[in-house]
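Source file: my_file_16.csv; contents: CSV, C-alpha atoms.
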chain,number,residue,atom,x,y,z
A,1,MET,CA,6.4,-12.4,-14.2
A,2,ASN,CA,4.1,-15.5,-13.6
A,3,GLY,CA,1.1,-14.2,-11.7
A,4,PRO,CA,-0.9,-11.0,-11.6
A,5,ILE,CA,0.3,-7.9,-9.7
A,6,LEU,CA,-1.9,-7.1,-6.6
A,7,VAL,CA,-2.7,-3.5,-6.3
A,8,VAL,CA,-3.7,-2.5,-2.7
A,9,GLY,CA,-6.1,0.4,-2.4
A,10,ALA,CA,-7.1,0.2,-6.0
A,11,THR,CA,-9.8,2.9,-5.8
A,12,GLY,CA,-7.5,5.3,-3.9
A,13,ASN,CA,-5.7,8.5,-5.2
A,14,VAL,CA,-2.7,6.5,-6.2
A,15,GLY,CA,-3.9,2.9,-6.6
A,16,ARG,CA,-6.4,3.7,-9.3
A,17,TYR,CA,-3.7,5.1,-11.5
A,18,VAL,CA,-1.3,2.2,-10.7
A,19,VAL,CA,-4.0,-0.1,-12.1
A,20,ALA,CA,-4.3,2.0,-15.2
A,21,PHE,CA,-0.5,2.2,-15.8
A,22,LEU,CA,0.0,-1.5,-15.3
A,23,ARG,CA,-2.8,-2.3,-17.7
A,24,GLY,CA,-1.3,0.1,-20.2
A,25,ARG,CA,1.9,-2.1,-20.0
A,26,GLY,CA,-0.1,-5.2,-20.7
A,27,VAL,CA,0.2,-6.6,-17.1
A,28,ALA,CA,-2.4,-8.7,-15.4
A,29,VAL,CA,-3.8,-6.9,-12.4
A,30,ARG,CA,-5.7,-8.0,-9.2
A,31,ALA,CA,-7.4,-4.9,-7.7
A,32,SER,CA,-8.1,-5.0,-4.0
A,33,GLY,CA,-10.0,-2.9,-1.5
A,34,LEU,CA,-12.6,-3.1,1.3
A,35,ASP,CA,-15.6,-3.2,-1.1
A,36,ARG,CA,-15.4,-5.8,-3.8
A,37,SER,CA,-18.6,-4.7,-5.5
A,38,SER,CA,-17.2,-1.2,-6.0
A,39,LEU,CA,-14.0,-2.7,-7.4
A,40,ILE,CA,-16.0,-4.7,-9.9
A,41,GLY,CA,-17.9,-1.7,-10.9
A,42,ARG,CA,-14.7,0.2,-11.6
A,43,PHE,CA,-12.3,-2.4,-12.8
A,44,GLY,CA,-14.3,-5.5,-13.5
A,45,ASP,CA,-13.6,-5.4,-17.2
A,46,VAL,CA,-9.8,-5.0,-16.9
A,47,ALA,CA,-8.8,-6.7,-13.6
A,48,ASP,CA,-9.5,-9.4,-11.2
A,49,CYS,CA,-11.2,-7.9,-8.1
A,50,VAL,CA,-10.8,-9.1,-4.5
A,51,ALA,CA,-11.7,-7.9,-1.0
A,52,LEU,CA,-8.7,-7.1,1.2
A,53,ASP,CA,-9.0,-5.8,4.8
A,54,PHE,CA,-5.8,-5.4,6.8
A,55,THR,CA,-7.8,-5.9,10.0
A,56,ASP,CA,-9.1,-9.2,8.8
A,57,PRO,CA,-6.3,-11.8,8.2
A,58,THR,CA,-8.8,-14.2,6.5
A,59,THR,CA,-8.8,-11.9,3.5
A,60,PHE,CA,-5.0,-12.1,3.0
A,61,ALA,CA,-4.7,-15.5,1.4
A,62,PRO,CA,-7.4,-15.0,-1.3
A,63,ALA,CA,-5.9,-11.7,-2.2
A,64,LEU,CA,-2.3,-13.1,-2.4
A,65,GLU,CA,-3.0,-16.5,-4.1
A,66,GLY,CA,-0.9,-16.7,-7.2
A,67,VAL,CA,0.3,-13.1,-7.0
A,68,SER,CA,3.8,-12.3,-8.3
A,69,LYS,CA,4.2,-8.7,-7.0
A,70,VAL,CA,2.4,-6.3,-4.8
A,71,PHE,CA,1.8,-2.5,-4.9
A,72,LEU,CA,1.4,-1.7,-1.2
A,73,ILE,CA,0.1,1.5,0.4
A,74,ARG,CA,-1.0,2.2,4.0
A,75,PRO,CA,-4.7,3.2,4.4
A,76,PRO,CA,-4.9,6.3,6.6
A,77,ALA,CA,-7.2,4.5,9.0
A,78,VAL,CA,-4.6,1.8,9.8
A,79,ALA,CA,-2.3,3.3,12.5
A,80,ARG,CA,-1.2,0.1,14.2
A,81,VAL,CA,0.8,-1.7,11.5
A,82,GLY,CA,2.3,-4.6,13.5
A,83,ASN,CA,-0.7,-7.1,13.3
A,84,THR,CA,-2.2,-5.6,10.2
A,85,ILE,CA,0.1,-4.5,7.3
A,86,ASN,CA,3.2,-6.2,8.6
A,87,SER,CA,1.2,-9.4,9.1
A,88,PHE,CA,0.1,-9.0,5.5
A,89,ILE,CA,3.7,-8.7,4.4
A,90,ASP,CA,4.5,-11.9,6.3
A,91,ALA,CA,1.6,-13.6,4.4
A,92,ALA,CA,2.9,-12.3,1.1
A,93,GLN,CA,6.3,-13.9,1.8
A,94,ASP,CA,4.5,-17.1,2.7
A,95,HIS,CA,2.8,-17.0,-0.7
A,96,ARG,CA,6.1,-16.6,-2.5
A,97,VAL,CA,5.5,-13.0,-3.6
A,98,ASP,CA,8.7,-11.8,-5.4
A,99,HIS,CA,8.6,-8.1,-5.0
A,100,ILE,CA,6.7,-5.4,-3.0
A,101,VAL,CA,6.7,-1.8,-4.1
A,102,PHE,CA,5.6,0.3,-1.0
A,103,SER,CA,4.2,3.8,-1.4
A,104,SER,CA,5.6,5.3,1.8
A,105,VAL,CA,6.1,9.0,2.7
A,106,ALA,CA,9.0,11.4,2.5
A,107,GLY,CA,11.4,11.0,5.4
A,108,ALA,CA,10.1,7.6,6.5
A,109,ASP,CA,13.5,6.1,6.2
A,110,THR,CA,14.8,8.2,9.2
A,111,ASN,CA,11.6,9.3,11.0
A,112,LYS,CA,10.8,6.6,13.4
A,113,VAL,CA,7.5,8.3,14.5
A,114,VAL,CA,5.5,7.7,11.3
A,115,PRO,CA,4.0,4.2,10.9
A,116,HIS,CA,5.5,3.9,7.4
A,117,HIS,CA,8.9,3.6,9.1
A,118,ARG,CA,7.9,0.4,10.8
A,119,ILE,CA,6.5,-1.0,7.5
A,120,GLU,CA,9.7,-0.1,5.7
A,121,THR,CA,11.8,-1.8,8.4
A,122,HIS,CA,9.7,-4.9,8.3
A,123,LEU,CA,9.9,-5.1,4.5
A,124,GLN,CA,13.7,-4.7,4.6
A,125,GLY,CA,13.9,-7.6,7.0
A,126,SER,CA,11.8,-9.9,4.8
A,127,LYS,CA,13.2,-12.3,2.1
A,128,MET,CA,11.3,-10.5,-0.7
A,129,ALA,CA,12.6,-7.8,-3.0
A,130,TRP,CA,11.3,-4.4,-2.1
A,131,THR,CA,11.3,-0.9,-3.5
A,132,MET,CA,10.3,2.2,-1.3
A,133,LEU,CA,8.6,5.2,-2.9
A,134,ARG,CA,8.8,8.2,-0.6
A,135,PRO,CA,6.6,11.0,-2.2
A,136,GLY,CA,6.1,14.4,-0.7
A,137,PHE,CA,2.9,16.4,-0.5
A,138,PHE,CA,0.1,15.2,-2.8
A,139,ALA,CA,-1.2,17.8,-5.2
A,140,GLN,CA,-4.6,16.1,-4.9
A,141,ASN,CA,-4.8,17.1,-1.2
A,142,ILE,CA,-5.9,20.5,-2.3
A,143,GLY,CA,-9.1,19.1,-3.9
A,144,THR,CA,-9.7,16.5,-1.1
A,145,ALA,CA,-8.4,17.1,2.4
A,146,TYR,CA,-8.6,20.9,2.1
A,147,HIS,CA,-11.6,21.1,-0.2
A,148,ARG,CA,-14.2,22.0,2.4
A,149,ASP,CA,-12.2,24.9,3.8
A,150,ILE,CA,-11.6,26.3,0.3
A,151,VAL,CA,-15.3,26.0,-0.7
A,152,ALA,CA,-16.9,27.1,2.6
A,153,ASN,CA,-14.4,29.6,3.9
A,154,ASN,CA,-12.3,30.7,1.0
A,155,ARG,CA,-9.1,29.7,2.7
A,156,ILE,CA,-6.4,27.1,3.0
A,157,TYR,CA,-6.0,26.4,6.7
A,158,LEU,CA,-2.8,24.5,7.6
A,159,PRO,CA,0.0,24.5,10.2
A,160,ALA,CA,2.6,25.1,7.5
A,161,GLY,CA,3.9,28.5,8.4
A,162,ARG,CA,6.1,29.9,5.6
A,163,GLY,CA,7.1,26.4,4.4
A,164,ARG,CA,7.3,25.6,0.7
A,165,VAL,CA,6.1,22.3,-0.8
A,166,ALA,CA,7.1,20.5,-4.0
A,167,PHE,CA,3.7,19.2,-4.7
A,168,ILE,CA,3.6,15.9,-6.6
A,169,ASP,CA,0.6,14.5,-8.7
A,170,THR,CA,-0.5,11.1,-7.6
A,171,ARG,CA,-0.5,10.0,-11.2
A,172,ASP,CA,3.3,10.6,-11.3
A,173,ILE,CA,3.7,8.4,-8.2
A,174,ALA,CA,1.6,5.7,-9.8
A,175,GLU,CA,3.7,5.8,-13.0
A,176,VAL,CA,6.9,5.4,-11.0
A,177,ALA,CA,5.3,2.4,-9.2
A,178,ALA,CA,4.4,0.8,-12.5
A,179,VAL,CA,7.9,1.2,-13.7
A,180,ALA,CA,9.4,-0.3,-10.5
A,181,LEU,CA,7.0,-3.2,-10.7
A,182,THR,CA,7.6,-4.1,-14.3
A,183,GLU,CA,11.2,-3.2,-15.0
A,184,GLU,CA,14.4,-4.6,-13.5
A,185,GLY,CA,16.9,-2.7,-11.4
A,186,HIS,CA,14.6,-1.1,-8.8
A,187,GLU,CA,14.9,-3.9,-6.1
A,188,GLY,CA,16.4,-2.7,-2.8
A,189,ARG,CA,16.1,1.0,-3.9
A,190,GLY,CA,14.4,3.9,-2.2
A,191,TYR,CA,13.1,6.9,-4.3
A,192,HIS,CA,12.2,10.3,-2.9
A,193,LEU,CA,9.5,11.7,-5.2
A,194,THR,CA,8.7,15.4,-5.5
A,195,GLY,CA,7.2,17.8,-7.9
A,196,PRO,CA,9.3,20.1,-10.1
A,197,GLU,CA,9.1,23.2,-7.9
A,198,ALA,CA,8.7,24.1,-4.3
A,199,VAL,CA,6.0,26.7,-3.7
A,200,SER,CA,4.4,28.4,-0.7
A,201,PHE,CA,0.8,28.0,0.3
A,202,ASN,CA,0.4,31.8,-0.3
A,203,HIS,CA,1.4,31.0,-3.9
A,204,VAL,CA,-1.1,28.1,-4.1
A,205,ALA,CA,-3.8,30.5,-2.8
A,206,ARG,CA,-3.0,33.0,-5.5
A,207,LEU,CA,-3.2,30.4,-8.2
A,208,LEU,CA,-6.5,29.1,-6.9
A,209,SER,CA,-7.9,32.7,-6.7
A,210,GLU,CA,-6.9,33.3,-10.4
A,211,THR,CA,-8.4,30.0,-11.5
A,212,ILE,CA,-11.6,30.0,-9.4
A,213,GLY,CA,-12.3,33.7,-9.9
A,214,ARG,CA,-12.7,34.6,-6.2
A,215,THR,CA,-10.2,35.3,-3.5
A,216,ILE,CA,-8.7,32.4,-1.6
A,217,SER,CA,-6.3,33.1,1.2
A,218,TYR,CA,-3.8,31.0,3.1
A,219,GLU,CA,-4.3,31.1,6.8
A,220,PRO,CA,-1.5,29.5,8.8
A,221,SER,CA,-2.6,27.7,11.9
A,222,SER,CA,-1.0,26.4,15.0
A,223,ILE,CA,-0.8,22.6,15.3
A,224,LEU,CA,-3.2,22.6,18.2
A,225,GLY,CA,-5.5,24.9,16.4
A,226,TYR,CA,-5.5,22.6,13.3
A,227,LEU,CA,-6.2,19.6,15.5
A,228,ARG,CA,-9.2,21.4,17.0
A,229,HIS,CA,-10.3,22.3,13.5
A,230,LEU,CA,-10.1,18.7,12.3
Structure translated into structure tokens:
Amino acid sequence: MNGPILVVGATGNVGRYVVAFLRGRGVAVRASGLDRSSLIGRFGDVADCVALDFTDPTTFAPALEGVSKVFLIRPPAVARVGNTINSFIDAAQDHRVDHIVFSSVAGADTNKVVPHHRIETHLQGSKMAWTMLRPGFFAQNIGTAYHRDIVANNRIYLPAGRGRVAFIDTRDIAEVAAVALTEEGHEGRGYHLTGPEAVSFNHVARLLSETIGRTISYEPSSILGYLRHL
């Protein structure tokens, strides 16, 4: 491994832990994100920090210069991946990046609707080595995406019906990414990542109620109702 590993979205739910696990393995890291000053504030003593904006191709070369491998994740705000993330992948190939580990989503290998599928397909068509991580539902979503409903309305409000979810902690995803980036044998592989047990949202609500000390309920919504709520 000649150059540093570029971590995309280094301040995010997964990226921040990828940085930590790579540093724990003694690997040189380049942390990237939209705001370089916030990156320096968080990682300035352990990583090189660089601005990277998928909507601004002029940021690609400085981020990729001298990089050996890349941890890649799609920012939720980037829905059109052709001239953004896939263009970044092309730039990575031009800069002789050896290997990209992409944190995708469960089912992206067969679900052509999600933008992650187009990224996976583009990566597979490149000349670089790749590894796909396909995690399921983030455990951290409970404390981020659904936090306001839990705090303000004592409920989990989702169009999940009676479905069960094998929640996975983002730290576990990050640890798998660090292994794939630093150990041999993961090139050309796709890994579906889940937690140890599938549970219902009613079960999650009961656990929250016991932990918080007040009643939290699960309220299933329709898809249209949830879109209105958002």
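Of the listed residues (A:Ile5, A:Ile212, A:Ala63, A:Ala166), A:Ala63 comes nearest to Ser32 (chain A); the distances count all atoms listed in the file.
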Sorted per-residue table, region 107-211 of chain A near region 75-93 of chain A, closest atoms and distance, 8 Å, all atoms listed in the file, as a Markdown table:
| residue | atom | partner | partner_atom | distance |
| --- | --- | --- | --- | --- |
| A:Pro115 | CA | A:Ala79 | CA | 6.6 |
| A:Arg118 | CA | A:Val81 | CA | 7.4 |
| A:Ile119 | CA | A:Asn86 | CA | 6.3 |
| A:His122 | CA | A:Asn86 | CA | 6.6 |
| A:Leu123 | CA | A:Ile89 | CA | 7.2 |
| A:Ser126 | CA | A:Gln93 | CA | 7.4 |
| A:Lys127 | CA | A:Gln93 | CA | 7.1 |
| A:Met128 | CA | A:Gln93 | CA | 6.5 |
Next item on the list: Considering all atoms listed in the file, state which residue in the set A:Arg16, A:Arg155, A:Lys112, A:His95 is at the smallest distance from Leu208 (chain A).
Entry: A:Arg155
Next item on the list: Figure out the distance between CA of Ala145 (chain A) and CA of His229 (chain A), please, to one decimal in Å.
Entry: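 Pair CA of His229 (chain A) / CA of Ala145 (chain A) returns 12.4 Å.
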Check: Hey, which of A:Val46, A:Ala129, A:Leu193, A:Leu72 ends up closest to Arg171 (chain A)? Count all atoms listed in the file.
Finding: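 That would be A:Leu193, the residue with the smallest distance to Arg171 (chain A).
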Check: How many Å separate CA of Gly195 (chain A) from CA of Ile142 (chain A)?
Finding: 14.5 Å
Next item on the list: Give me the residues within 8 Å of Gly33 (chain A) as an MDAnalysis selection string, counting all atoms listed in the file and dropping any in the same chain fewer than 4 places off.
Entry: chainID A and resid 8:11 39 50:53
If we count all atoms listed in the file and set the cut-off at 9 Å, which residues sit around Arg134 (chain A), ignoring sequence neighbours fewer than 6 positions away in its own chain? Please answer as a PDB file with C-alpha atoms, keeping the file's coordinate frame.
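The new file out18.pdb reads:
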ATOM      1  CA  PHE A 102       5.600   0.300  -1.000  1.00  0.00           C
ATOM      2  CA  SER A 103       4.200   3.800  -1.400  1.00  0.00           C
ATOM      3  CA  SER A 104       5.600   5.300   1.800  1.00  0.00           C
ATOM      4  CA  VAL A 105       6.100   9.000   2.700  1.00  0.00           C
ATOM      5  CA  ALA A 106       9.000  11.400   2.500  1.00  0.00           C
ATOM      6  CA  GLY A 107      11.400  11.000   5.400  1.00  0.00           C
ATOM      7  CA  ALA A 108      10.100   7.600   6.500  1.00  0.00           C
ATOM      8  CA  ASP A 109      13.500   6.100   6.200  1.00  0.00           C
ATOM      9  CA  GLY A 190      14.400   3.900  -2.200  1.00  0.00           C
ATOM     10  CA  TYR A 191      13.100   6.900  -4.300  1.00  0.00           C
ATOM     11  CA  HIS A 192      12.200  10.300  -2.900  1.00  0.00           C
ATOM     12  CA  LEU A 193       9.500  11.700  -5.200  1.00  0.00           C
ATOM     13  CA  THR A 194       8.700  15.400  -5.500  1.00  0.00           C
TER      14      THR A 194
END
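For the set A:Pro4, A:Pro220, A:Tyr146, A:Ile73, the residue with the smallest atom-to-atom gap to Cys49 (chain A) is A:Pro4, counting all atoms listed in the file.
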Notebook entry, point to check: Can you tell me how far CA of Leu22 (chain A) sits from CA of Asp35 (chain A), in Å to one decimal?
Noted result: 21.2 Å
Next item on the list: Would you mind telling me which residue in A:Gly213, A:Gly185, A:Gly225, A:Pro57 lies nearest to Tyr157 (chain A) when using only C-alpha atoms?
Entry: A:Gly225
